[in-house]
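Novice: I am sharing query.cif, which consists of mmCIF, C-alpha atoms and all ligand atoms:
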data_final
#
loop_
_atom_site.label_atom_id
_atom_site.label_comp_id
_atom_site.auth_asym_id
_atom_site.auth_seq_id
_atom_site.Cartn_x
_atom_site.Cartn_y
_atom_site.Cartn_z
CA MET A 1 -42.05 5.56 81.57
CA ALA A 2 -41.30 7.29 78.27
CA VAL A 3 -40.27 10.86 77.42
CA VAL A 4 -41.65 12.09 74.08
CA THR A 5 -40.64 15.46 72.64
CA GLY A 6 -42.77 17.15 70.01
CA ALA A 7 -45.90 15.49 71.39
CA SER A 8 -48.30 18.34 70.64
CA SER A 9 -48.84 17.24 67.03
CA GLY A 10 -47.96 14.84 64.23
CA ILE A 11 -45.54 11.97 64.77
CA GLY A 12 -44.78 12.85 68.42
CA ARG A 13 -48.47 12.95 69.31
CA SER A 14 -48.90 9.50 67.75
CA PHE A 15 -45.94 8.21 69.79
CA ALA A 16 -47.53 9.50 73.00
CA VAL A 17 -50.90 7.95 72.10
CA GLN A 18 -49.50 4.54 71.09
CA LEU A 19 -47.20 4.32 74.12
CA ALA A 20 -50.08 5.20 76.45
CA GLU A 21 -52.22 2.57 74.70
CA ARG A 22 -49.50 0.07 75.67
CA GLY A 23 -49.86 1.17 79.30
CA LEU A 24 -46.74 3.33 79.56
CA ASP A 25 -46.66 6.51 81.60
CA VAL A 26 -45.44 9.34 79.36
CA VAL A 27 -43.77 12.74 79.83
CA ILE A 28 -44.92 14.88 76.90
CA VAL A 29 -42.88 17.87 75.78
CA ALA A 30 -43.55 20.74 73.32
CA ARG A 31 -44.23 24.49 73.40
CA ARG A 32 -48.02 24.41 73.05
CA GLY A 33 -49.09 23.60 76.61
CA ASP A 34 -52.81 23.79 75.80
CA ARG A 35 -52.45 20.97 73.27
CA LEU A 36 -50.35 18.91 75.69
CA ARG A 37 -52.83 19.34 78.55
CA GLU A 38 -55.72 18.30 76.31
CA LEU A 39 -53.79 15.22 75.15
CA ALA A 40 -52.81 14.38 78.75
CA ALA A 41 -56.46 14.45 79.88
CA THR A 42 -57.54 12.25 76.96
CA LEU A 43 -54.81 9.67 77.60
CA ARG A 44 -55.38 9.57 81.37
CA ASP A 45 -59.11 8.99 80.86
CA ALA A 46 -58.66 6.39 78.14
CA HIS A 47 -55.77 4.36 79.56
CA GLY A 48 -55.37 5.25 83.26
CA VAL A 49 -51.72 6.18 82.73
CA THR A 50 -49.76 9.03 84.30
CA ILE A 51 -49.04 11.82 81.82
CA THR A 52 -46.66 14.62 82.78
CA VAL A 53 -46.80 17.81 80.74
CA LEU A 54 -43.65 19.88 80.15
CA SER A 55 -44.34 23.00 78.12
CA THR A 56 -40.86 23.94 76.92
CA ASP A 57 -39.19 25.71 74.01
CA LEU A 58 -36.41 23.37 72.87
CA ALA A 59 -34.80 26.17 70.89
CA HIS A 60 -33.68 27.54 74.26
CA PRO A 61 -30.21 26.11 75.02
CA ALA A 62 -31.08 25.44 78.68
CA ALA A 63 -34.30 23.53 77.87
CA PRO A 64 -32.76 20.02 77.79
CA ALA A 65 -31.21 20.52 81.24
CA ASP A 66 -34.59 21.66 82.60
CA ILE A 67 -36.27 18.55 81.16
CA LEU A 68 -33.57 16.28 82.60
CA GLU A 69 -34.06 17.86 86.00
CA ALA A 70 -37.85 17.43 85.78
CA VAL A 71 -37.58 13.71 84.91
CA ALA A 72 -34.77 12.97 87.40
CA PRO A 73 -37.13 11.30 89.94
CA LEU A 74 -38.86 9.19 87.26
CA ASP A 75 -37.86 5.74 85.97
CA VAL A 76 -37.34 6.68 82.30
CA GLY A 77 -36.96 3.60 80.08
CA LEU A 78 -37.59 5.14 76.67
CA LEU A 79 -36.59 8.47 75.14
CA VAL A 80 -38.41 9.46 71.95
CA SER A 81 -36.53 12.54 70.79
CA ASN A 82 -38.83 13.59 68.01
CA ALA A 83 -39.38 17.37 68.08
CA GLY A 84 -38.01 19.08 65.01
CA PHE A 85 -38.76 21.41 62.16
CA GLY A 86 -37.50 22.26 58.71
CA VAL A 87 -37.28 25.27 56.50
CA LYS A 88 -37.18 25.26 52.71
CA GLY A 89 -35.54 27.70 50.32
CA PRO A 90 -32.14 28.81 49.03
CA PHE A 91 -29.66 28.41 51.92
CA ASP A 92 -28.51 32.05 51.83
CA GLU A 93 -32.09 33.30 51.99
CA VAL A 94 -33.03 31.35 55.13
CA ASN A 95 -33.20 33.57 58.20
CA ALA A 96 -30.02 33.12 60.28
CA GLY A 97 -31.96 33.03 63.56
CA THR A 98 -34.24 30.31 62.19
CA LEU A 99 -31.17 28.25 61.25
CA ALA A 100 -29.82 28.64 64.78
CA SER A 101 -33.14 27.55 66.30
CA MET A 102 -33.30 24.59 63.93
CA LEU A 103 -29.84 23.43 65.05
CA ALA A 104 -30.91 23.79 68.69
CA VAL A 105 -34.20 21.90 68.32
CA ASN A 106 -33.10 19.26 65.79
CA CYS A 107 -29.56 18.54 67.11
CA HIS A 108 -28.64 20.20 70.42
CA ALA A 109 -31.76 19.11 72.32
CA PRO A 110 -31.71 15.44 71.17
CA THR A 111 -27.98 15.20 71.93
CA GLN A 112 -28.29 16.67 75.43
CA LEU A 113 -31.40 14.65 76.30
CA ALA A 114 -29.72 11.42 75.19
CA HIS A 115 -26.52 12.36 76.99
CA GLY A 116 -28.42 12.92 80.22
CA LEU A 117 -30.58 9.79 79.99
CA VAL A 118 -28.15 7.22 78.56
CA PRO A 119 -26.33 6.63 81.88
CA ARG A 120 -29.66 5.82 83.49
CA LEU A 121 -30.68 3.50 80.63
CA LYS A 122 -27.33 1.71 80.84
CA GLN A 123 -27.76 1.30 84.57
CA ARG A 124 -31.23 -0.18 84.06
CA GLY A 125 -29.74 -2.65 81.56
CA ARG A 126 -32.72 -2.27 79.22
CA GLY A 127 -34.59 0.50 77.49
CA GLY A 128 -34.56 2.43 74.26
CA VAL A 129 -33.87 5.65 72.43
CA ILE A 130 -35.75 6.67 69.29
CA PHE A 131 -34.52 9.67 67.32
CA THR A 132 -36.90 10.99 64.68
CA SER A 133 -34.63 11.95 61.81
CA SER A 134 -35.58 11.97 58.11
CA VAL A 135 -34.69 10.41 54.78
CA GLU A 136 -33.26 13.87 54.05
CA GLY A 137 -30.40 12.92 56.39
CA PHE A 138 -29.12 10.31 53.92
CA LEU A 139 -28.09 12.81 51.23
CA GLY A 140 -27.66 16.59 51.19
CA CYS A 141 -30.97 17.94 49.86
CA PRO A 142 -30.76 21.24 47.95
CA TYR A 143 -33.16 23.97 49.11
CA SER A 144 -33.42 22.12 52.40
CA ALA A 145 -29.69 22.31 53.18
CA GLY A 146 -29.78 23.25 56.86
CA TYR A 147 -32.58 20.79 57.71
CA SER A 148 -30.95 18.01 55.71
CA ALA A 149 -27.67 18.62 57.57
CA THR A 150 -29.37 18.45 60.98
CA LYS A 151 -30.85 15.08 60.05
CA ALA A 152 -27.48 13.78 58.77
CA TYR A 153 -26.10 14.66 62.21
CA MET A 154 -28.93 12.73 63.86
CA ASN A 155 -28.35 9.69 61.63
CA ALA A 156 -24.67 9.64 62.64
CA LEU A 157 -25.46 10.12 66.34
CA GLY A 158 -28.10 7.38 66.25
CA GLU A 159 -25.86 4.90 64.42
CA ALA A 160 -22.98 5.49 66.81
CA LEU A 161 -25.18 5.08 69.88
CA TRP A 162 -26.76 1.93 68.42
CA THR A 163 -23.31 0.37 68.39
CA GLU A 164 -22.33 1.73 71.82
CA LEU A 165 -25.51 0.91 73.69
CA GLY A 166 -26.52 -2.47 72.20
CA PRO A 167 -24.18 -4.39 74.54
CA HIS A 168 -25.84 -2.58 77.50
CA GLY A 169 -29.32 -3.83 76.52
CA VAL A 170 -30.43 -0.43 75.23
CA ASP A 171 -32.07 -0.31 71.78
CA VAL A 172 -31.40 2.74 69.61
CA LEU A 173 -33.51 3.41 66.53
CA THR A 174 -33.09 6.32 64.16
CA LEU A 175 -36.47 6.74 62.51
CA CYS A 176 -36.21 8.20 59.00
CA PRO A 177 -39.69 8.97 57.71
CA GLY A 178 -40.41 10.09 54.19
CA ALA A 179 -43.40 12.36 53.54
CA THR A 180 -45.76 12.22 56.52
CA ASP A 181 -49.15 13.90 56.83
CA THR A 182 -48.49 16.26 59.77
CA GLU A 183 -48.37 19.99 60.33
CA ALA A 184 -44.71 20.04 59.18
CA PRO A 185 -45.23 20.13 55.39
CA ARG A 186 -47.95 22.78 55.75
CA LEU A 187 -45.68 24.94 57.93
CA GLN A 188 -43.16 24.86 55.05
CA GLY A 189 -45.80 25.92 52.51
CA ILE A 190 -46.17 22.43 51.02
CA ASP A 191 -49.55 20.87 50.24
CA PRO A 192 -49.09 17.33 51.67
CA THR A 193 -51.42 15.82 49.06
CA THR A 194 -48.80 16.67 46.40
CA LEU A 195 -46.17 14.54 48.18
CA GLN A 196 -45.29 11.01 47.04
CA ASP A 197 -46.30 8.07 49.18
CA LEU A 198 -47.65 10.19 52.03
CA MET A 199 -47.93 8.18 55.28
CA SER A 200 -50.09 8.90 58.31
CA PRO A 201 -48.20 9.66 61.53
CA ASP A 202 -49.99 6.72 63.19
CA ASP A 203 -48.59 4.30 60.59
CA VAL A 204 -45.09 5.80 60.89
CA VAL A 205 -45.15 5.29 64.66
CA ARG A 206 -46.64 1.78 64.51
CA SER A 207 -43.86 0.82 62.13
CA ALA A 208 -41.18 2.47 64.31
CA LEU A 209 -42.30 0.74 67.52
CA GLU A 210 -42.30 -2.61 65.70
CA ALA A 211 -38.74 -1.87 64.47
CA LEU A 212 -37.34 -0.64 67.80
CA ARG A 213 -35.20 -3.76 68.27
CA SER A 214 -34.06 -3.76 64.61
CA GLY A 215 -31.94 -0.60 64.42
CA PRO A 216 -29.84 1.23 63.61
CA THR A 217 -32.12 3.06 61.15
CA HIS A 218 -35.68 2.55 59.98
CA VAL A 219 -37.40 3.99 56.93
CA PRO A 220 -41.11 3.23 57.41
CA SER A 221 -42.13 3.78 53.78
CA ALA A 222 -41.24 1.09 51.18
CA HIS A 223 -41.26 3.77 48.47
CA TYR A 224 -38.64 5.96 50.22
CA ARG A 225 -36.65 2.90 51.30
CA GLU A 226 -36.26 1.80 47.67
CA LEU A 227 -35.64 5.36 46.42
CA PHE A 228 -32.83 6.03 48.88
CA ASP A 229 -31.35 2.53 48.52
CA THR A 230 -31.04 3.31 44.79
CA LEU A 231 -29.65 6.83 45.32
CA LEU A 232 -27.12 5.66 47.91
CA SER A 233 -25.86 2.90 45.60
CA MET A 234 -25.01 5.52 42.95
CA PRO A 235 -21.80 7.61 42.78
CA ARG A 236 -22.41 10.59 45.08
CA ARG A 237 -22.33 13.21 42.30
CA GLU A 238 -24.87 11.28 40.25
CA ALA A 239 -27.10 10.75 43.27
CA LEU A 240 -27.09 14.45 44.13
CA THR A 241 -27.83 15.39 40.52
CA ALA A 242 -30.66 12.84 40.30
CA MET A 243 -32.20 14.15 43.49
CA ALA A 244 -31.93 17.78 42.37
CA GLN A 245 -33.69 16.83 39.10
CA ALA A 246 -36.37 14.91 41.02
CA ILE A 247 -37.23 17.96 43.09
CA GLY A 248 -37.17 20.19 40.01
CA THR A 249 -34.06 22.32 40.55
N1 LIG A 301 -43.81 15.33 58.31
C1 LIG A 301 -42.83 14.87 57.54
O1 LIG A 301 -42.98 14.74 56.30
C2 LIG A 301 -41.52 14.46 58.16
C3 LIG A 301 -40.63 13.71 57.36
C4 LIG A 301 -39.42 13.33 57.93
C5 LIG A 301 -39.10 13.66 59.22
N2 LIG A 301 -39.98 14.37 59.97
C6 LIG A 301 -39.58 14.71 61.35
O2 LIG A 301 -40.57 14.26 62.24
C7 LIG A 301 -40.47 14.99 63.47
C8 LIG A 301 -41.86 15.40 63.92
O3 LIG A 301 -42.40 16.29 62.96
P1 LIG A 301 -43.90 16.18 62.44
O4 LIG A 301 -43.86 15.82 61.01
O5 LIG A 301 -44.71 15.37 63.37
O6 LIG A 301 -44.29 17.74 62.49
P2 LIG A 301 -45.26 18.60 63.40
O7 LIG A 301 -46.64 18.07 63.32
O8 LIG A 301 -44.99 20.00 62.97
O9 LIG A 301 -44.71 18.35 64.87
C9 LIG A 301 -43.50 18.93 65.31
C10 LIG A 301 -43.46 18.82 66.80
O10 LIG A 301 -42.21 19.39 67.26
C11 LIG A 301 -42.51 20.36 68.25
N3 LIG A 301 -41.55 21.46 68.22
C12 LIG A 301 -41.16 22.19 67.14
N4 LIG A 301 -40.35 23.19 67.53
C13 LIG A 301 -40.26 23.10 68.88
C14 LIG A 301 -39.59 23.86 69.87
N5 LIG A 301 -38.89 24.96 69.55
N6 LIG A 301 -39.69 23.47 71.16
C15 LIG A 301 -40.42 22.39 71.51
N7 LIG A 301 -41.07 21.63 70.60
C16 LIG A 301 -40.99 21.98 69.32
C17 LIG A 301 -43.90 20.87 67.91
O11 LIG A 301 -44.54 21.37 69.09
P3 LIG A 301 -44.87 22.91 69.41
O12 LIG A 301 -45.06 23.61 68.10
O13 LIG A 301 -46.10 22.82 70.25
O14 LIG A 301 -43.68 23.37 70.17
C18 LIG A 301 -44.58 19.58 67.46
O15 LIG A 301 -45.06 18.88 68.57
C19 LIG A 301 -39.53 16.16 63.19
O16 LIG A 301 -38.26 15.87 63.75
C20 LIG A 301 -39.45 16.19 61.67
O17 LIG A 301 -38.23 16.73 61.23
C21 LIG A 301 -41.19 14.77 59.47
#
How does this structure look as structure tokens?

Specialist:
Amino acid sequence: MAVVTGASSGIGRSFAVQLAERGLDVVIVARRGDRLRELAATLRDAHGVTITVLSTDLAHPAAPADILEAVAPLDVGLLVSNAGFGVKGPFDEVNAGTLASMLAVNCHAPTQLAHGLVPRLKQRGRGGVIFTSSVEGFLGCPYSAGYSATKAYMNALGEALWTELGPHGVDVLTLCPGATDTEAPRLQGIDPTTLQDLMSPDDVVRSALEALRSGPTHVPSAHYRELFDTLLSMPRREALTAMAQAIGT
């Protein structure tokens, strides 16, 4: 049984679909219950699996505890903590409430969900945790400062847990996609077709599931892997300047 957050669209939806295709029962979490119920019906019909719908706002601080309570009777072997969102613009012009919600959804919820489920995974002696982070977590990205910082937090959490949980038979993978063709770029006012090396969410997820045992981090796109390998090999000041120039600041 897997728990997938952010399953109503994009990368999370692809996780739910591909896990159900492999015969796993899945608990799907997001705010848009209509989307989740539609997906649940499709997956039950197609694969005969059990799909549990939890329509929850992860920006609410109590949401992770509610989810943990709901999945307490289930044998959870995989957590895919994927829900997240970003906001672009000068840091001081970003709405303060939006920043707070972003920290809750992108950092607080994944931390609390992992904290609640890790003891059970350790007890099972096998299982996995996938955190959907971003290549933006590797280096502070200007005009995406808050989002970039949330993903840096996730990269550190994922790396630390990879080391802690490996000896207990629990795989931890921090998935760091580059540009992916989901609702996320559009919600930030970006036309995805203008992005470099745009991947489909299905390909991102296929690549992540193949890499689950090869943590700690996984960048599914060769283009972004090479770009960030180069940037991270440079002195930090030069890397930050090069990235700022690349995004036209
Ligand atoms: N697309 C990219 O280029 C890209 C690149 C790197 C990393 N990522 C990361 O990939 C992950 C998935 O994003 P995506 O690209 O698939 O975008 P997406 O299509 O916008 O999906 C985001 C998912 O997160 C859920 N979500 C957002 N806020 C939520 C909240 N307050 N409570 C509960 N669920 C919430 C959304 O569901 P509801 O709206 O129904 O709640 C949706 O299911 C995110 O962590 C994102 O940061 C994306």

Novice: Given a cut-off of 8 Å, what residues near ligand LIG 301 (chain A) show up using only C-alpha atoms and all ligand atoms, put as an mmCIF file with C-alpha atoms, keeping the file's coordinate frame?

Specialist:
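Written file, result-v6.cif:
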data_model
loop_
_atom_site.group_PDB
_atom_site.id
_atom_site.type_symbol
_atom_site.label_atom_id
_atom_site.label_comp_id
_atom_site.auth_asym_id
_atom_site.auth_seq_id
_atom_site.Cartn_x
_atom_site.Cartn_y
_atom_site.Cartn_z
ATOM 1 C CA THR A 5 -40.640 15.460 72.640
ATOM 2 C CA GLY A 6 -42.770 17.150 70.010
ATOM 3 C CA ALA A 7 -45.900 15.490 71.390
ATOM 4 C CA SER A 8 -48.300 18.340 70.640
ATOM 5 C CA SER A 9 -48.840 17.240 67.030
ATOM 6 C CA GLY A 10 -47.960 14.840 64.230
ATOM 7 C CA ILE A 11 -45.540 11.970 64.770
ATOM 8 C CA GLY A 12 -44.780 12.850 68.420
ATOM 9 C CA ARG A 13 -48.470 12.950 69.310
ATOM 10 C CA VAL A 29 -42.880 17.870 75.780
ATOM 11 C CA ALA A 30 -43.550 20.740 73.320
ATOM 12 C CA ARG A 31 -44.230 24.490 73.400
ATOM 13 C CA ARG A 32 -48.020 24.410 73.050
ATOM 14 C CA GLY A 33 -49.090 23.600 76.610
ATOM 15 C CA ARG A 35 -52.450 20.970 73.270
ATOM 16 C CA LEU A 36 -50.350 18.910 75.690
ATOM 17 C CA SER A 55 -44.340 23.000 78.120
ATOM 18 C CA THR A 56 -40.860 23.940 76.920
ATOM 19 C CA ASP A 57 -39.190 25.710 74.010
ATOM 20 C CA LEU A 58 -36.410 23.370 72.870
ATOM 21 C CA ALA A 59 -34.800 26.170 70.890
ATOM 22 C CA HIS A 60 -33.680 27.540 74.260
ATOM 23 C CA SER A 81 -36.530 12.540 70.790
ATOM 24 C CA ASN A 82 -38.830 13.590 68.010
ATOM 25 C CA ALA A 83 -39.380 17.370 68.080
ATOM 26 C CA GLY A 84 -38.010 19.080 65.010
ATOM 27 C CA PHE A 85 -38.760 21.410 62.160
ATOM 28 C CA GLY A 86 -37.500 22.260 58.710
ATOM 29 C CA SER A 101 -33.140 27.550 66.300
ATOM 30 C CA MET A 102 -33.300 24.590 63.930
ATOM 31 C CA VAL A 105 -34.200 21.900 68.320
ATOM 32 C CA ASN A 106 -33.100 19.260 65.790
ATOM 33 C CA THR A 132 -36.900 10.990 64.680
ATOM 34 C CA SER A 133 -34.630 11.950 61.810
ATOM 35 C CA SER A 134 -35.580 11.970 58.110
ATOM 36 C CA VAL A 135 -34.690 10.410 54.780
ATOM 37 C CA GLU A 136 -33.260 13.870 54.050
ATOM 38 C CA TYR A 147 -32.580 20.790 57.710
ATOM 39 C CA LYS A 151 -30.850 15.080 60.050
ATOM 40 C CA CYS A 176 -36.210 8.200 59.000
ATOM 41 C CA PRO A 177 -39.690 8.970 57.710
ATOM 42 C CA GLY A 178 -40.410 10.090 54.190
ATOM 43 C CA ALA A 179 -43.400 12.360 53.540
ATOM 44 C CA THR A 180 -45.760 12.220 56.520
ATOM 45 C CA ASP A 181 -49.150 13.900 56.830
ATOM 46 C CA THR A 182 -48.490 16.260 59.770
ATOM 47 C CA GLU A 183 -48.370 19.990 60.330
ATOM 48 C CA ALA A 184 -44.710 20.040 59.180
ATOM 49 C CA PRO A 185 -45.230 20.130 55.390
ATOM 50 C CA LEU A 187 -45.680 24.940 57.930
ATOM 51 C CA LEU A 198 -47.650 10.190 52.030
ATOM 52 C CA PRO A 201 -48.200 9.660 61.530
#

Novice: Between atom CA of Gly77 of chain A and atom CA of Glu38 of chain A, what is the distance, to one decimal in Å?

Specialist: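 Atom CA of Glu38 of chain A lies at a distance of 24.1 Å from atom CA of Gly77 of chain A.
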
Novice: Report, in Å to a single decimal, how far apart atom CA of Phe138 of chain A and atom CA of Ala96 of chain A are.

Specialist: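 Atom CA of Ala96 of chain A sits 23.7 Å away from atom CA of Phe138 of chain A.
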
Novice: Mind giving me the straight-line distance from atom CA of Pro73 of chain A to atom CA of Glu210 of chain A in Å, one decimal?

Specialist: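 Separation of atom CA of Pro73 of chain A and atom CA of Glu210 of chain A: 28.4 Å.
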
Novice: Any idea what's packed within 12 Å of segment 19-23 of chain A, counting all atoms listed in the file, ignoring anything in its chain fewer than 2 positions away? Could you give it as a ChimeraX atom specification?

Specialist: /A:1-4,7,12-17,25-28,39-52,77-80,202,205-206,208-210

Novice: Using only C-alpha atoms, find each residue of segment 183-234 of chain A with at least one atom at most 10 Å away from an atom of segment 116-131 of chain A; report its shortest atom-to-atom pair and that distance in Å (one decimal), sort the rows by chain and rising residue number, and return the result as CSV.

Specialist:
residue,atom,partner,partner_atom,distance
A:Ala208,CA,A:Ile130,CA,8.5
A:Leu209,CA,A:Ile130,CA,9.0
A:Leu212,CA,A:Ile130,CA,7.6
A:Arg213,CA,A:Gly128,CA,8.6
A:Gly215,CA,A:Ile130,CA,9.5
A:Pro216,CA,A:Ile130,CA,9.8
A:Thr217,CA,A:Phe131,CA,9.4

Novice: Neighbouring residues of segment 222-227 of chain A were defined as those with any atom within 7 Å, considering all atoms listed in the file; residues of the same chain fewer than 3 positions away were excluded. Please report them as a VMD selection string.

Specialist: chain A and resid 178 197 219 230 to 231

Novice: Which neighbours of Pro90 of chain A fall inside 8 Å, counting only C-alpha atoms, when residues of the same chain fewer than 3 positions from it are skipped, and could you give them as a PyMOL selection string?

Specialist: chain A and resi 93-94+142-144

Novice: Pick from A:Ile190, A:Ile67, A:Leu139, A:His115: nearest to Arg236 of chain A, with all atoms listed in the file counted?

Specialist: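 Selected residue with least distance to Arg236 of chain A: A:Leu139.
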
Novice: Around all the atoms of segment 204-212 of chain A listed in the file, with 3 Å of room on each side, what axis-aligned box do you get, giving centre and edge lengths in Å to one decimal, as AutoDock Vina command-line options?

Specialist:
--center_x -42.0 --center_y 1.6 --center_z 64.3 --size_x 15.3 --size_y 14.4 --size_z 12.9

Novice: Could you check which residues have any atom within 6 Å of (-29.6, 7.6, 70.4), counting all atoms listed in the file with coordinates taken straight from the file, and then list them as an MDAnalysis selection string?

Specialist: chainID A and resid 129 158 161 172
